[in-house]
$ cat model.cif   # mmCIF, C-alpha atoms
data_query
loop_
_atom_site.group_PDB
_atom_site.id
_atom_site.type_symbol
_atom_site.label_atom_id
_atom_site.label_comp_id
_atom_site.auth_asym_id
_atom_site.auth_seq_id
_atom_site.Cartn_x
_atom_site.Cartn_y
_atom_site.Cartn_z
ATOM 1 C CA MET A 22 19.624 102.888 122.955
ATOM 2 C CA SER A 23 16.521 103.850 124.935
ATOM 3 C CA THR A 24 17.259 107.587 124.640
ATOM 4 C CA ILE A 25 17.424 107.232 120.868
ATOM 5 C CA ALA A 26 14.320 105.088 120.512
ATOM 6 C CA ALA A 27 12.106 107.108 122.863
ATOM 7 C CA PRO A 28 11.556 110.127 120.570
ATOM 8 C CA VAL A 29 10.394 107.793 117.806
ATOM 9 C CA ARG A 30 7.586 106.606 120.078
ATOM 10 C CA ASP A 31 6.726 110.168 121.151
ATOM 11 C CA PRO A 32 3.527 111.213 119.344
ATOM 12 C CA GLY A 33 4.415 114.823 120.088
ATOM 13 C CA ARG A 34 7.338 114.623 117.677
ATOM 14 C CA VAL A 35 5.031 113.387 114.937
ATOM 15 C CA VAL A 36 2.639 116.287 115.554
ATOM 16 C CA MET A 37 5.526 118.767 115.535
ATOM 17 C CA ALA A 38 6.901 117.273 112.302
ATOM 18 C CA ALA A 39 3.460 117.579 110.688
ATOM 19 C CA ALA A 40 3.160 121.197 111.851
ATOM 20 C CA ASP A 41 6.638 122.023 110.532
ATOM 21 C CA THR A 42 5.786 120.395 107.197
ATOM 22 C CA ILE A 43 2.616 122.487 106.899
ATOM 23 C CA ASP A 44 4.584 125.639 107.761
ATOM 24 C CA VAL A 45 7.166 124.955 105.047
ATOM 25 C CA ALA A 46 4.420 124.110 102.559
ATOM 26 C CA GLY A 47 2.737 127.414 103.401
ATOM 27 C CA ARG A 48 5.992 129.256 102.793
ATOM 28 C CA ASN A 49 6.376 127.615 99.380
ATOM 29 C CA LEU A 50 2.776 128.416 98.448
ATOM 30 C CA ARG A 51 3.234 132.057 99.455
ATOM 31 C CA ASN A 52 6.308 132.258 97.245
ATOM 32 C CA LEU A 53 4.290 130.794 94.391
ATOM 33 C CA TRP A 54 1.584 133.377 94.982
ATOM 34 C CA ARG A 55 4.196 136.159 94.884
ATOM 35 C CA THR A 56 5.591 134.863 91.571
ATOM 36 C CA PRO A 57 2.416 134.263 89.561
ATOM 37 C CA GLN A 58 4.436 133.832 86.365
ATOM 38 C CA ALA A 59 5.403 130.340 87.513
ATOM 39 C CA MET A 60 1.780 129.342 88.092
ATOM 40 C CA ILE A 61 0.690 130.921 84.824
ATOM 41 C CA PHE A 62 3.361 129.020 82.898
ATOM 42 C CA ALA A 63 2.409 125.763 84.620
ATOM 43 C CA THR A 64 -1.191 126.297 83.494
ATOM 44 C CA VAL A 65 -0.708 127.880 80.061
ATOM 45 C CA GLN A 66 1.629 125.188 78.746
ATOM 46 C CA PRO A 67 -0.885 122.313 79.014
ATOM 47 C CA VAL A 68 -3.630 124.588 77.654
ATOM 48 C CA ILE A 69 -1.480 125.114 74.559
ATOM 49 C CA PHE A 70 -1.056 121.348 74.245
ATOM 50 C CA VAL A 71 -4.829 120.891 74.466
ATOM 51 C CA LEU A 72 -5.479 123.430 71.727
ATOM 52 C CA LEU A 73 -2.693 122.148 69.470
ATOM 53 C CA PHE A 74 -3.663 118.491 69.669
ATOM 54 C CA ARG A 75 -7.401 119.188 69.666
ATOM 55 C CA TYR A 76 -7.496 121.534 66.686
ATOM 56 C CA ALA A 77 -4.121 121.434 64.872
ATOM 57 C CA PHE A 78 -3.243 117.718 65.045
ATOM 58 C CA GLY A 79 -6.504 116.094 66.119
ATOM 59 C CA GLY A 80 -7.913 115.898 62.608
ATOM 60 C CA ALA A 81 -4.983 113.738 61.511
ATOM 61 C CA ILE A 82 -5.130 111.363 64.500
ATOM 62 C CA HIS A 83 -7.898 108.771 64.485
ATOM 63 C CA VAL A 84 -8.634 106.494 67.426
ATOM 64 C CA PRO A 85 -11.235 103.813 66.595
ATOM 65 C CA GLY A 86 -14.326 103.841 68.756
ATOM 66 C CA VAL A 87 -13.723 107.116 70.612
ATOM 67 C CA SER A 88 -13.509 110.802 69.795
ATOM 68 C CA TYR A 89 -9.959 112.100 69.878
ATOM 69 C CA VAL A 90 -10.655 114.767 72.516
ATOM 70 C CA ASP A 91 -11.927 112.096 74.919
ATOM 71 C CA TYR A 92 -8.790 110.074 74.193
ATOM 72 C CA LEU A 93 -6.566 113.158 74.533
ATOM 73 C CA MET A 94 -7.580 114.656 77.872
ATOM 74 C CA PRO A 95 -6.344 111.821 80.131
ATOM 75 C CA GLY A 96 -2.973 112.220 78.426
ATOM 76 C CA ILE A 97 -3.064 115.985 78.972
ATOM 77 C CA PHE A 98 -3.693 115.507 82.704
ATOM 78 C CA ALA A 99 -0.662 113.219 82.918
ATOM 79 C CA GLN A 100 1.451 115.540 80.781
ATOM 80 C CA ALA A 101 0.568 118.590 82.895
ATOM 81 C CA VAL A 102 1.670 117.106 86.214
ATOM 82 C CA THR A 103 4.713 115.379 84.701
ATOM 83 C CA PHE A 104 6.101 118.566 83.189
ATOM 84 C CA GLY A 105 5.069 120.504 86.292
ATOM 85 C CA ALA A 106 7.280 118.284 88.443
ATOM 86 C CA ILE A 107 10.333 120.033 86.998
ATOM 87 C CA GLY A 108 9.371 123.036 89.116
ATOM 88 C CA THR A 109 10.094 120.963 92.221
ATOM 89 C CA ALA A 110 13.722 120.434 91.244
ATOM 90 C CA VAL A 111 14.167 124.023 90.093
ATOM 91 C CA GLY A 112 12.672 125.480 93.288
ATOM 92 C CA LEU A 113 14.661 123.221 95.586
ATOM 93 C CA SER A 114 17.937 123.866 93.769
ATOM 94 C CA ALA A 115 17.225 127.608 93.985
ATOM 95 C CA ASP A 116 16.766 127.250 97.752
ATOM 96 C CA MET A 117 20.091 125.443 97.940
ATOM 97 C CA LYS A 118 21.861 128.107 95.883
ATOM 98 C CA SER A 119 20.453 130.912 98.036
ATOM 99 C CA GLY A 120 21.537 129.182 101.247
ATOM 100 C CA LEU A 121 17.982 128.769 102.497
ATOM 101 C CA LEU A 122 18.355 125.013 103.061
ATOM 102 C CA THR A 123 21.457 125.669 105.147
ATOM 103 C CA ARG A 124 19.466 128.052 107.328
ATOM 104 C CA PHE A 125 16.628 125.537 107.598
ATOM 105 C CA ARG A 126 19.052 122.913 108.909
ATOM 106 C CA THR A 127 20.089 125.217 111.743
ATOM 107 C CA LEU A 128 16.513 125.691 112.944
ATOM 108 C CA PRO A 129 14.827 123.513 115.613
ATOM 109 C CA MET A 130 12.501 121.848 113.140
ATOM 110 C CA ALA A 131 11.920 118.360 111.795
ATOM 111 C CA ARG A 132 14.263 117.512 108.923
ATOM 112 C CA ILE A 133 11.480 115.855 106.944
ATOM 113 C CA ALA A 134 9.555 119.137 106.969
ATOM 114 C CA VAL A 135 11.828 120.759 104.368
ATOM 115 C CA LEU A 136 11.264 118.025 101.798
ATOM 116 C CA GLY A 137 7.727 117.151 102.844
ATOM 117 C CA GLY A 138 6.685 120.803 102.756
ATOM 118 C CA ARG A 139 8.012 121.179 99.226
ATOM 119 C CA THR A 140 6.097 118.144 97.949
ATOM 120 C CA LEU A 141 2.921 119.097 99.852
ATOM 121 C CA ALA A 142 2.955 122.527 98.207
ATOM 122 C CA ASP A 143 3.415 120.826 94.850
ATOM 123 C CA VAL A 144 0.283 118.746 95.459
ATOM 124 C CA ALA A 145 -1.703 121.952 96.020
ATOM 125 C CA ARG A 146 -0.267 123.475 92.839
ATOM 126 C CA ASN A 147 -1.084 120.354 90.830
ATOM 127 C CA VAL A 148 -4.667 120.289 92.091
ATOM 128 C CA VAL A 149 -5.132 123.818 90.743
ATOM 129 C CA VAL A 150 -3.524 122.946 87.388
ATOM 130 C CA VAL A 151 -5.604 119.778 86.973
ATOM 131 C CA ALA A 152 -8.794 121.675 87.863
ATOM 132 C CA VAL A 153 -8.031 124.266 85.185
ATOM 133 C CA MET A 154 -7.257 121.521 82.656
ATOM 134 C CA THR A 155 -10.569 119.829 83.440
ATOM 135 C CA GLY A 156 -12.445 123.039 82.712
ATOM 136 C CA VAL A 157 -10.504 123.573 79.474
ATOM 137 C CA GLY A 158 -11.183 119.977 78.466
ATOM 138 C CA PHE A 159 -14.933 120.320 78.893
ATOM 139 C CA ALA A 160 -14.798 123.614 76.970
ATOM 140 C CA VAL A 161 -13.228 121.908 73.928
ATOM 141 C CA GLY A 162 -15.613 118.938 73.942
ATOM 142 C CA PHE A 163 -14.253 116.434 76.469
ATOM 143 C CA ARG A 164 -16.955 114.222 77.939
ATOM 144 C CA VAL A 165 -16.827 111.538 80.614
ATOM 145 C CA HIS A 166 -18.603 108.327 79.569
ATOM 146 C CA ASN A 167 -18.689 106.715 82.979
ATOM 147 C CA GLY A 168 -20.113 109.284 85.409
ATOM 148 C CA PRO A 169 -18.564 112.011 87.586
ATOM 149 C CA ALA A 170 -17.281 109.560 90.206
ATOM 150 C CA SER A 171 -15.035 107.919 87.622
ATOM 151 C CA LEU A 172 -13.619 111.317 86.662
ATOM 152 C CA LEU A 173 -12.836 112.088 90.307
ATOM 153 C CA ALA A 174 -11.147 108.690 90.644
ATOM 154 C CA ALA A 175 -9.057 109.359 87.526
ATOM 155 C CA LEU A 176 -8.000 112.778 88.806
ATOM 156 C CA GLY A 177 -7.154 111.175 92.142
ATOM 157 C CA LEU A 178 -4.758 108.826 90.354
ATOM 158 C CA VAL A 179 -3.205 111.833 88.619
ATOM 159 C CA THR A 180 -2.686 113.567 91.969
ATOM 160 C CA VAL A 181 -1.126 110.469 93.535
ATOM 161 C CA PHE A 182 1.249 110.108 90.586
ATOM 162 C CA ALA A 183 2.136 113.810 90.730
ATOM 163 C CA TYR A 184 3.018 113.508 94.431
ATOM 164 C CA ALA A 185 5.226 110.480 93.811
ATOM 165 C CA LEU A 186 6.960 112.172 90.897
ATOM 166 C CA SER A 187 7.622 115.302 92.944
ATOM 167 C CA TRP A 188 9.809 113.192 95.245
ATOM 168 C CA ALA A 189 11.842 112.076 92.235
ATOM 169 C CA PHE A 190 12.520 115.708 91.434
ATOM 170 C CA VAL A 191 13.272 116.503 95.065
ATOM 171 C CA ALA A 192 16.064 113.939 94.757
ATOM 172 C CA LEU A 193 17.241 115.623 91.550
ATOM 173 C CA GLY A 194 17.054 119.130 93.019
ATOM 174 C CA LEU A 195 19.175 118.134 96.009
ATOM 175 C CA ARG A 196 21.918 116.892 93.706
ATOM 176 C CA VAL A 197 21.933 119.863 91.329
ATOM 177 C CA SER A 198 22.564 123.163 93.116
ATOM 178 C CA ASP A 199 21.860 125.364 90.082
ATOM 179 C CA PRO A 200 18.246 125.988 88.936
ATOM 180 C CA GLU A 201 19.166 126.175 85.250
ATOM 181 C CA ALA A 202 21.048 122.897 85.475
ATOM 182 C CA ALA A 203 18.122 121.272 87.293
ATOM 183 C CA GLN A 204 15.753 122.318 84.518
ATOM 184 C CA ALA A 205 18.171 121.199 81.810
ATOM 185 C CA ALA A 206 18.496 117.806 83.505
ATOM 186 C CA GLY A 207 14.754 117.329 83.980
ATOM 187 C CA VAL A 208 13.273 118.459 80.652
ATOM 188 C CA PRO A 209 14.747 115.729 78.388
ATOM 189 C CA PHE A 210 13.656 113.015 80.820
ATOM 190 C CA MET A 211 10.126 114.425 80.975
ATOM 191 C CA PHE A 212 9.861 114.666 77.182
ATOM 192 C CA LEU A 213 10.945 111.048 76.794
ATOM 193 C CA LEU A 214 8.570 109.881 79.513
ATOM 194 C CA VAL A 215 5.540 111.676 78.051
ATOM 195 C CA PHE A 216 6.107 111.273 74.320
ATOM 196 C CA THR A 217 7.023 107.589 74.423
ATOM 197 C CA SER A 218 3.738 106.901 76.230
ATOM 198 C CA ASP A 219 0.259 106.668 74.721
ATOM 199 C CA ALA A 220 -0.690 110.085 76.077
ATOM 200 C CA PHE A 221 -1.320 111.556 72.626
ATOM 201 C CA VAL A 222 -1.290 108.680 70.138
ATOM 202 C CA PRO A 223 -1.967 104.930 70.456
ATOM 203 C CA LEU A 224 1.112 102.802 71.043
ATOM 204 C CA ARG A 225 0.322 100.678 67.996
ATOM 205 C CA SER A 226 1.189 103.647 65.775
ATOM 206 C CA MET A 227 4.792 103.540 67.031
ATOM 207 C CA PRO A 228 7.659 101.269 65.890
ATOM 208 C CA GLY A 229 7.784 97.922 67.652
ATOM 209 C CA TRP A 230 10.841 98.725 69.769
ATOM 210 C CA LEU A 231 9.238 101.977 70.942
ATOM 211 C CA GLN A 232 5.976 100.206 71.732
ATOM 212 C CA ALA A 233 7.893 97.913 74.098
ATOM 213 C CA ILE A 234 9.315 100.926 75.925
ATOM 214 C CA GLY A 235 6.045 102.829 75.981
ATOM 215 C CA ALA A 236 4.028 99.898 77.277
ATOM 216 C CA HIS A 237 6.216 99.518 80.370
ATOM 217 C CA GLN A 238 6.542 102.967 81.857
ATOM 218 C CA PRO A 239 4.584 104.924 84.491
ATOM 219 C CA VAL A 240 2.943 107.582 82.306
ATOM 220 C CA THR A 241 1.375 104.936 80.067
ATOM 221 C CA ALA A 242 0.116 103.092 83.144
ATOM 222 C CA LEU A 243 -1.445 106.288 84.491
ATOM 223 C CA VAL A 244 -3.063 107.290 81.194
ATOM 224 C CA ASP A 245 -4.459 103.797 80.613
ATOM 225 C CA ALA A 246 -5.987 103.845 84.102
ATOM 226 C CA GLU A 247 -7.524 107.275 83.505
ATOM 227 C CA ARG A 248 -9.011 106.213 80.178
ATOM 228 C CA SER A 249 -10.433 103.006 81.574
ATOM 229 C CA LEU A 250 -12.215 105.090 84.225
ATOM 230 C CA THR A 251 -13.448 107.970 82.063
ATOM 231 C CA LEU A 252 -14.242 106.045 78.872
ATOM 232 C CA GLY A 253 -15.563 102.877 80.515
ATOM 233 C CA GLY A 254 -14.336 99.315 80.419
ATOM 234 C CA PRO A 255 -12.336 97.096 82.792
ATOM 235 C CA ALA A 256 -10.414 99.428 85.077
ATOM 236 C CA GLN A 257 -9.165 97.406 88.049
ATOM 237 C CA SER A 258 -5.923 96.080 86.558
ATOM 238 C CA HIS A 259 -4.998 99.457 85.059
ATOM 239 C CA VAL A 260 -5.676 101.259 88.342
ATOM 240 C CA ILE A 261 -3.611 98.753 90.324
ATOM 241 C CA THR A 262 -0.729 99.045 87.851
ATOM 242 C CA SER A 263 -0.767 102.837 88.057
ATOM 243 C CA LEU A 264 -0.870 102.819 91.852
ATOM 244 C CA ALA A 265 1.974 100.301 91.933
ATOM 245 C CA TRP A 266 4.126 102.572 89.760
ATOM 246 C CA SER A 267 3.318 105.568 91.963
ATOM 247 C CA ALA A 268 4.064 103.639 95.162
ATOM 248 C CA GLY A 269 7.367 102.350 93.772
ATOM 249 C CA ILE A 270 8.488 105.812 92.636
ATOM 250 C CA LEU A 271 7.482 107.314 95.982
ATOM 251 C CA LEU A 272 9.242 104.727 98.131
ATOM 252 C CA VAL A 273 12.486 104.714 96.148
ATOM 253 C CA CYS A 274 12.756 108.436 95.503
ATOM 254 C CA ALA A 275 11.661 109.549 98.990
ATOM 255 C CA ALA A 276 14.306 107.276 100.522
ATOM 256 C CA LEU A 277 16.924 108.586 98.083
ATOM 257 C CA ALA A 278 15.970 112.211 98.747
ATOM 258 C CA ALA A 279 16.026 111.734 102.527
ATOM 259 C CA ARG A 280 19.425 110.051 102.342
ATOM 260 C CA THR A 281 20.839 112.816 100.155
ATOM 261 C CA TYR A 282 19.479 115.523 102.452
ATOM 262 C CA GLN A 283 20.886 113.767 105.524
ATOM 263 C CA HIS A 284 24.355 113.517 103.961
ATOM 264 C CA MET A 285 24.404 117.229 103.126
ATOM 265 C CA ASP A 286 25.456 117.858 106.714
ATOM 266 C CA ARG A 287 28.638 115.854 106.286
#
$ encode --input "model.cif" --output "structure tokens"
Amino acid sequence: MSTIAAPVRDPGRVVMAAADTIDVAGRNLRNLWRTPQAMIFATVQPVIFVLLFRYAFGGAIHVPGVSYVDYLMPGIFAQAVTFGAIGTAVGLSADMKSGLLTRFRTLPMARIAVLGGRTLADVARNVVVVAVMTGVGFAVGFRVHNGPASLLAALGLVTVFAYALSWAFVALGLRVSDPEAAQAAGVPFMFLLVFTSDAFVPLRSMPGWLQAIGAHQPVTALVDAERSLTLGGPAQSHVITSLAWSAGILLVCAALAARTYQHMDR
């Protein structure tokens, strides 16, 4: 028992695991840089949503007490990282199909580095996407009512949620060894998650049964927290609810992904 427990107490193993995770994240970021189409698509899609809802649909959607663009942008931030999480599953399933994960498992490296590196690279990608969306939002009239610190706090919540959600799609990618199948499995779930929330329209405009679903799901919690920070008003309960959702998704999905990856050897 002592020979098994000793490495856990060895800080050197933690440092090596962190270094391996950073190396794998760097590899994933280099691949993203070499395939700019993926980054362009991840950025262009939410820009299209901004323009459509701001100029095509915005005139028909009225939110009392606030301009629609100020109501819209927190939903766009959530939508961008939620749809972007599909790339995690697609990339990981592509690595499985190519045999790269099999080669990784034969290397003297920490097992957590393969999954942790993927999600760490996704955080970097999401930071870039959210930064671009912020610039686009200000260009089309988005304004923060509560100071720049509240905007940074809102974007921090978005980043935390994006990281948690990436682990959910790591779990999906490990179970679906074909990139097309991973995308087909993820897209319907993402559409339901985003469009049953109050990202684009108030929940009260929906049927009662759909309001009940939309009021108790993570994207609504995130968007409500963002709006309470950027538009002003009581924010503490919304922020806590959003963080609780993110923590729950992270804990459950990271454990599921680690278990699935461990059992791939058997």
$ residues_around --input "model.cif" --residues "region 91-108 of chain A" --least-positions-apart "4" --cutoff "8 Å" --atoms "all atoms listed in the file" --output "MDAnalysis selection string"
chainID A and resid 63:64 66:67 70:71 74:75 84 87 112 143 147 150:151 154 158 162:165 176 179 183 186:187 190 203:204 207:208 211 215 219:221 240 243:244 247:248 252
$ resolve_selection --input "model.cif" --expression "the PyMOL selection byres ((chain A and resi 188) around 7)" --output "ChimeraX atom specification"
/A:140,184-187,189-192,271,274-275
$ atom_distance --input "model.cif" --atom1 "CA of Ala278 (chain A)" --atom2 "CA of Leu128 (chain A)"
19.6 Å
$ resolve_selection --input "model.cif" --expression "the PyMOL selection byres ((chain A and resi 42-51) around 8)" --output "PDB file with C-alpha atoms, in the coordinates of the input"
ATOM      1  CA  ALA A  38       6.901 117.273 112.302  1.00  0.00           C
ATOM      2  CA  ALA A  39       3.460 117.579 110.688  1.00  0.00           C
ATOM      3  CA  ALA A  40       3.160 121.197 111.851  1.00  0.00           C
ATOM      4  CA  ASP A  41       6.638 122.023 110.532  1.00  0.00           C
ATOM      5  CA  ASN A  52       6.308 132.258  97.245  1.00  0.00           C
ATOM      6  CA  LEU A  53       4.290 130.794  94.391  1.00  0.00           C
ATOM      7  CA  TRP A  54       1.584 133.377  94.982  1.00  0.00           C
ATOM      8  CA  ARG A  55       4.196 136.159  94.884  1.00  0.00           C
ATOM      9  CA  ALA A 131      11.920 118.360 111.795  1.00  0.00           C
ATOM     10  CA  ILE A 133      11.480 115.855 106.944  1.00  0.00           C
ATOM     11  CA  ALA A 134       9.555 119.137 106.969  1.00  0.00           C
ATOM     12  CA  VAL A 135      11.828 120.759 104.368  1.00  0.00           C
ATOM     13  CA  GLY A 137       7.727 117.151 102.844  1.00  0.00           C
ATOM     14  CA  GLY A 138       6.685 120.803 102.756  1.00  0.00           C
ATOM     15  CA  ARG A 139       8.012 121.179  99.226  1.00  0.00           C
ATOM     16  CA  THR A 140       6.097 118.144  97.949  1.00  0.00           C
ATOM     17  CA  LEU A 141       2.921 119.097  99.852  1.00  0.00           C
ATOM     18  CA  ALA A 142       2.955 122.527  98.207  1.00  0.00           C
TER      19      ALA A 142
END
$ atom_distance --input "model.cif" --atom1 "CA of His259 (chain A)" --atom2 "CA of Gly86 (chain A)"
19.3 Å
